[in-house]
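Structure first, commentary second.
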Amino acid sequence: MTEDILSHPLFLELREQPHHGGENSLYIHSLATAECAYRMARRFHMKESRVRAVTRAALLHDFFGYSWQSEEHRRFMRHYKGWNRVKHMHAFIHGALAARRADRVFGLDERQRSAIASHMFPLAPFPRNSEAWVITLADKYVASKEVSAAVGWHIRRFYQKIA
């Protein structure tokens with residue numbers, strides 16, 4: 001169901017991309033989101049073909065292919081000013097970029113592309129299908145856990161330094 005994605009060299013590069021602070025990577029985040037989305041799709045009694053589509057799209061929802069924390073991305077952002085700059089911030093654009101890149105590399109159907117592109121709702125377009133809603137909810141759930149863990153990690157480090 002997902003072997004082609006999990007073994008692909010470009011997907012494996014996500015191991016090197018930090019995400020949501022702490023010691024997390026885009027790879028770990030993508031796996032956790034896919035696992036959560038798979039469980040949700042099963043719980044919602046989605047058809048097998050839709051469970052497969054949800055799982056694959058969830059794995060690829062952050063497959064945007066750049067480091068948004070890099071100097072190269074900062075240079076890209078300097079081209080934009082005011083509201084145009086806000087519209088080009090990573091949180092607003094990475095879903096559409098991930099959908100395009102994932103489609104080029106893995107060949108997605110329209111529902112999967114739409115789900116990936118809208119997973120950042122309300123910063124992205126309104127989710128228009130069941131796959132999109134499942135991925136949006138799974139991503140928010142997993143990201144909340146990761147950010148909470150990262151905050152705890154930073155607090156523990158802070159108190160270790162002052163103790």
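If you're wondering about the labels, chains in the structure tokens are A, B, ... by order shown, residues count from 1 in each chain, ligands from 1 in order shown.
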
Near stretch 49-66 of chain A, counting only C-alpha atoms, which residues have an atom at most 7 Å away, once you skip same-chain residues fewer than 5 positions from it, shown as an mmCIF file with N, CA and C atoms, in the first residue's frame?
```cif
data_model
loop_
_atom_site.group_PDB
_atom_site.id
_atom_site.type_symbol
_atom_site.label_atom_id
_atom_site.label_comp_id
_atom_site.auth_asym_id
_atom_site.auth_seq_id
_atom_site.Cartn_x
_atom_site.Cartn_y
_atom_site.Cartn_z
ATOM 1 N N MET A 1 0.818 -1.197 0.000
ATOM 2 C CA MET A 1 0.000 0.000 0.000
ATOM 3 C C MET A 1 0.860 1.259 0.000
ATOM 4 N N THR A 2 1.967 1.261 0.751
ATOM 5 C CA THR A 2 2.803 2.464 0.853
ATOM 6 C C THR A 2 4.289 2.187 0.645
ATOM 7 N N SER A 30 5.473 12.643 9.376
ATOM 8 C CA SER A 30 4.676 12.074 8.287
ATOM 9 C C SER A 30 4.197 10.666 8.612
ATOM 10 N N LEU A 31 5.068 9.856 9.197
ATOM 11 C CA LEU A 31 4.665 8.503 9.600
ATOM 12 C C LEU A 31 3.573 8.547 10.660
ATOM 13 N N THR A 33 1.443 10.972 11.275
ATOM 14 C CA THR A 33 0.207 11.497 10.684
ATOM 15 C C THR A 33 -0.478 10.420 9.858
ATOM 16 N N ALA A 34 0.285 9.651 9.105
ATOM 17 C CA ALA A 34 -0.293 8.580 8.289
ATOM 18 C C ALA A 34 -0.911 7.502 9.178
ATOM 19 N N ALA A 37 -4.122 8.992 10.594
ATOM 20 C CA ALA A 37 -5.135 9.104 9.540
ATOM 21 C C ALA A 37 -5.690 7.728 9.162
ATOM 22 N N TYR A 38 -4.827 6.728 9.110
ATOM 23 C CA TYR A 38 -5.257 5.357 8.819
ATOM 24 C C TYR A 38 -6.261 4.883 9.865
ATOM 25 N N ALA A 41 -9.570 6.770 9.453
ATOM 26 C CA ALA A 41 -10.310 6.303 8.277
ATOM 27 C C ALA A 41 -10.990 4.966 8.564
ATOM 28 N N ARG A 42 -10.296 4.082 9.255
ATOM 29 C CA ARG A 42 -10.891 2.795 9.651
ATOM 30 C C ARG A 42 -12.061 3.009 10.612
ATOM 31 N N HIS A 94 2.911 25.519 1.656
ATOM 32 C CA HIS A 94 3.556 24.212 1.553
ATOM 33 C C HIS A 94 2.602 23.082 1.190
ATOM 34 N N GLY A 95 1.328 23.191 1.502
ATOM 35 C CA GLY A 95 0.379 22.150 1.116
ATOM 36 C C GLY A 95 0.268 22.017 -0.393
ATOM 37 N N LEU A 97 2.439 23.073 -2.615
ATOM 38 C CA LEU A 97 3.731 22.626 -3.148
ATOM 39 C C LEU A 97 3.929 21.132 -2.922
ATOM 40 N N ALA A 98 3.536 20.643 -1.753
ATOM 41 C CA ALA A 98 3.658 19.210 -1.457
ATOM 42 C C ALA A 98 2.760 18.394 -2.388
ATOM 43 N N ARG A 101 4.438 18.296 -5.865
ATOM 44 C CA ARG A 101 5.641 17.454 -5.879
ATOM 45 C C ARG A 101 5.275 15.978 -5.723
ATOM 46 N N ALA A 102 4.367 15.675 -4.805
ATOM 47 C CA ALA A 102 3.951 14.282 -4.595
ATOM 48 C C ALA A 102 3.292 13.718 -5.847
ATOM 49 N N GLN A 112 -6.566 12.848 -3.512
ATOM 50 C CA GLN A 112 -5.325 12.889 -2.737
ATOM 51 C C GLN A 112 -4.647 14.251 -2.880
ATOM 52 N N ALA A 115 -6.548 16.733 -0.844
ATOM 53 C CA ALA A 115 -6.353 16.507 0.596
ATOM 54 C C ALA A 115 -5.018 17.071 1.063
ATOM 55 N N ILE A 116 -3.972 16.842 0.301
ATOM 56 C CA ILE A 116 -2.647 17.358 0.666
ATOM 57 C C ILE A 116 -2.646 18.881 0.601
ATOM 58 N N GLU A 131 -11.228 12.488 2.580
ATOM 59 C CA GLU A 131 -9.786 12.286 2.765
ATOM 60 C C GLU A 131 -9.128 13.554 3.295
ATOM 61 N N ILE A 135 -7.106 13.872 6.911
ATOM 62 C CA ILE A 135 -5.701 14.276 6.961
ATOM 63 C C ILE A 135 -5.540 15.577 7.738
#
```

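These are the residues of stretch 17-49 of chain A assigned alpha helix (DSSP H) by DSSP from backbone coordinates: Leu26, Tyr27, Ile28, His29, Ser30, Leu31, Ala32, Thr33, Ala34, Glu35, Cys36, Ala37, Tyr38, Arg39, Met40, Ala41, Arg42, Arg43, Glu48 and Ser49 of chain A.
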
Spatial neighbours of stretch 121-126 of chain A, 10 Å, only C-alpha atoms, chain gap at least 6 places, as a ChimeraX atom specification: /A:87,91-96,114-115,132-133,136-137,140

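Note that the spacing between atom CA of A:Phe11 and atom CA of A:Leu26 amounts to 9.4 Å.
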
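Atom to atom, atom CA of A:Glu35 and atom CA of A:Glu3 stand 14.1 Å apart.
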
Non-local contacts of A:Glu16 (8 Å; only C-alpha atoms; under 2 positions in same chain excluded) as a VMD selection string: chain A and resid 13 to 14 18 25 to 27

Would you write out those residues with N, CA and C atoms, as a PDB file, in the first residue's frame?
```
ATOM      1  N   GLU A  13      14.705  11.365   2.523  1.00  0.00           N
ATOM      2  CA  GLU A  13      15.389  12.620   2.853  1.00  0.00           C
ATOM      3  C   GLU A  13      14.670  13.407   3.948  1.00  0.00           C
ATOM      4  N   LEU A  14      13.383  13.122   4.151  1.00  0.00           N
ATOM      5  CA  LEU A  14      12.629  13.818   5.200  1.00  0.00           C
ATOM      6  C   LEU A  14      13.191  13.536   6.589  1.00  0.00           C
ATOM      7  N   PRO A  18      14.213  18.929  10.155  1.00  0.00           N
ATOM      8  CA  PRO A  18      13.575  19.107  11.471  1.00  0.00           C
ATOM      9  C   PRO A  18      12.141  19.596  11.316  1.00  0.00           C
ATOM     10  N   SER A  25      11.445  14.986  13.207  1.00  0.00           N
ATOM     11  CA  SER A  25      11.760  15.225  11.798  1.00  0.00           C
ATOM     12  C   SER A  25      10.478  15.162  10.979  1.00  0.00           C
ATOM     13  N   LEU A  26      10.544  15.656   9.745  1.00  0.00           N
ATOM     14  CA  LEU A  26       9.402  15.545   8.839  1.00  0.00           C
ATOM     15  C   LEU A  26       9.039  14.079   8.589  1.00  0.00           C
ATOM     16  N   TYR A  27      10.034  13.222   8.559  1.00  0.00           N
ATOM     17  CA  TYR A  27       9.808  11.790   8.348  1.00  0.00           C
ATOM     18  C   TYR A  27       8.971  11.217   9.494  1.00  0.00           C
TER      19      TYR A  27
END
```
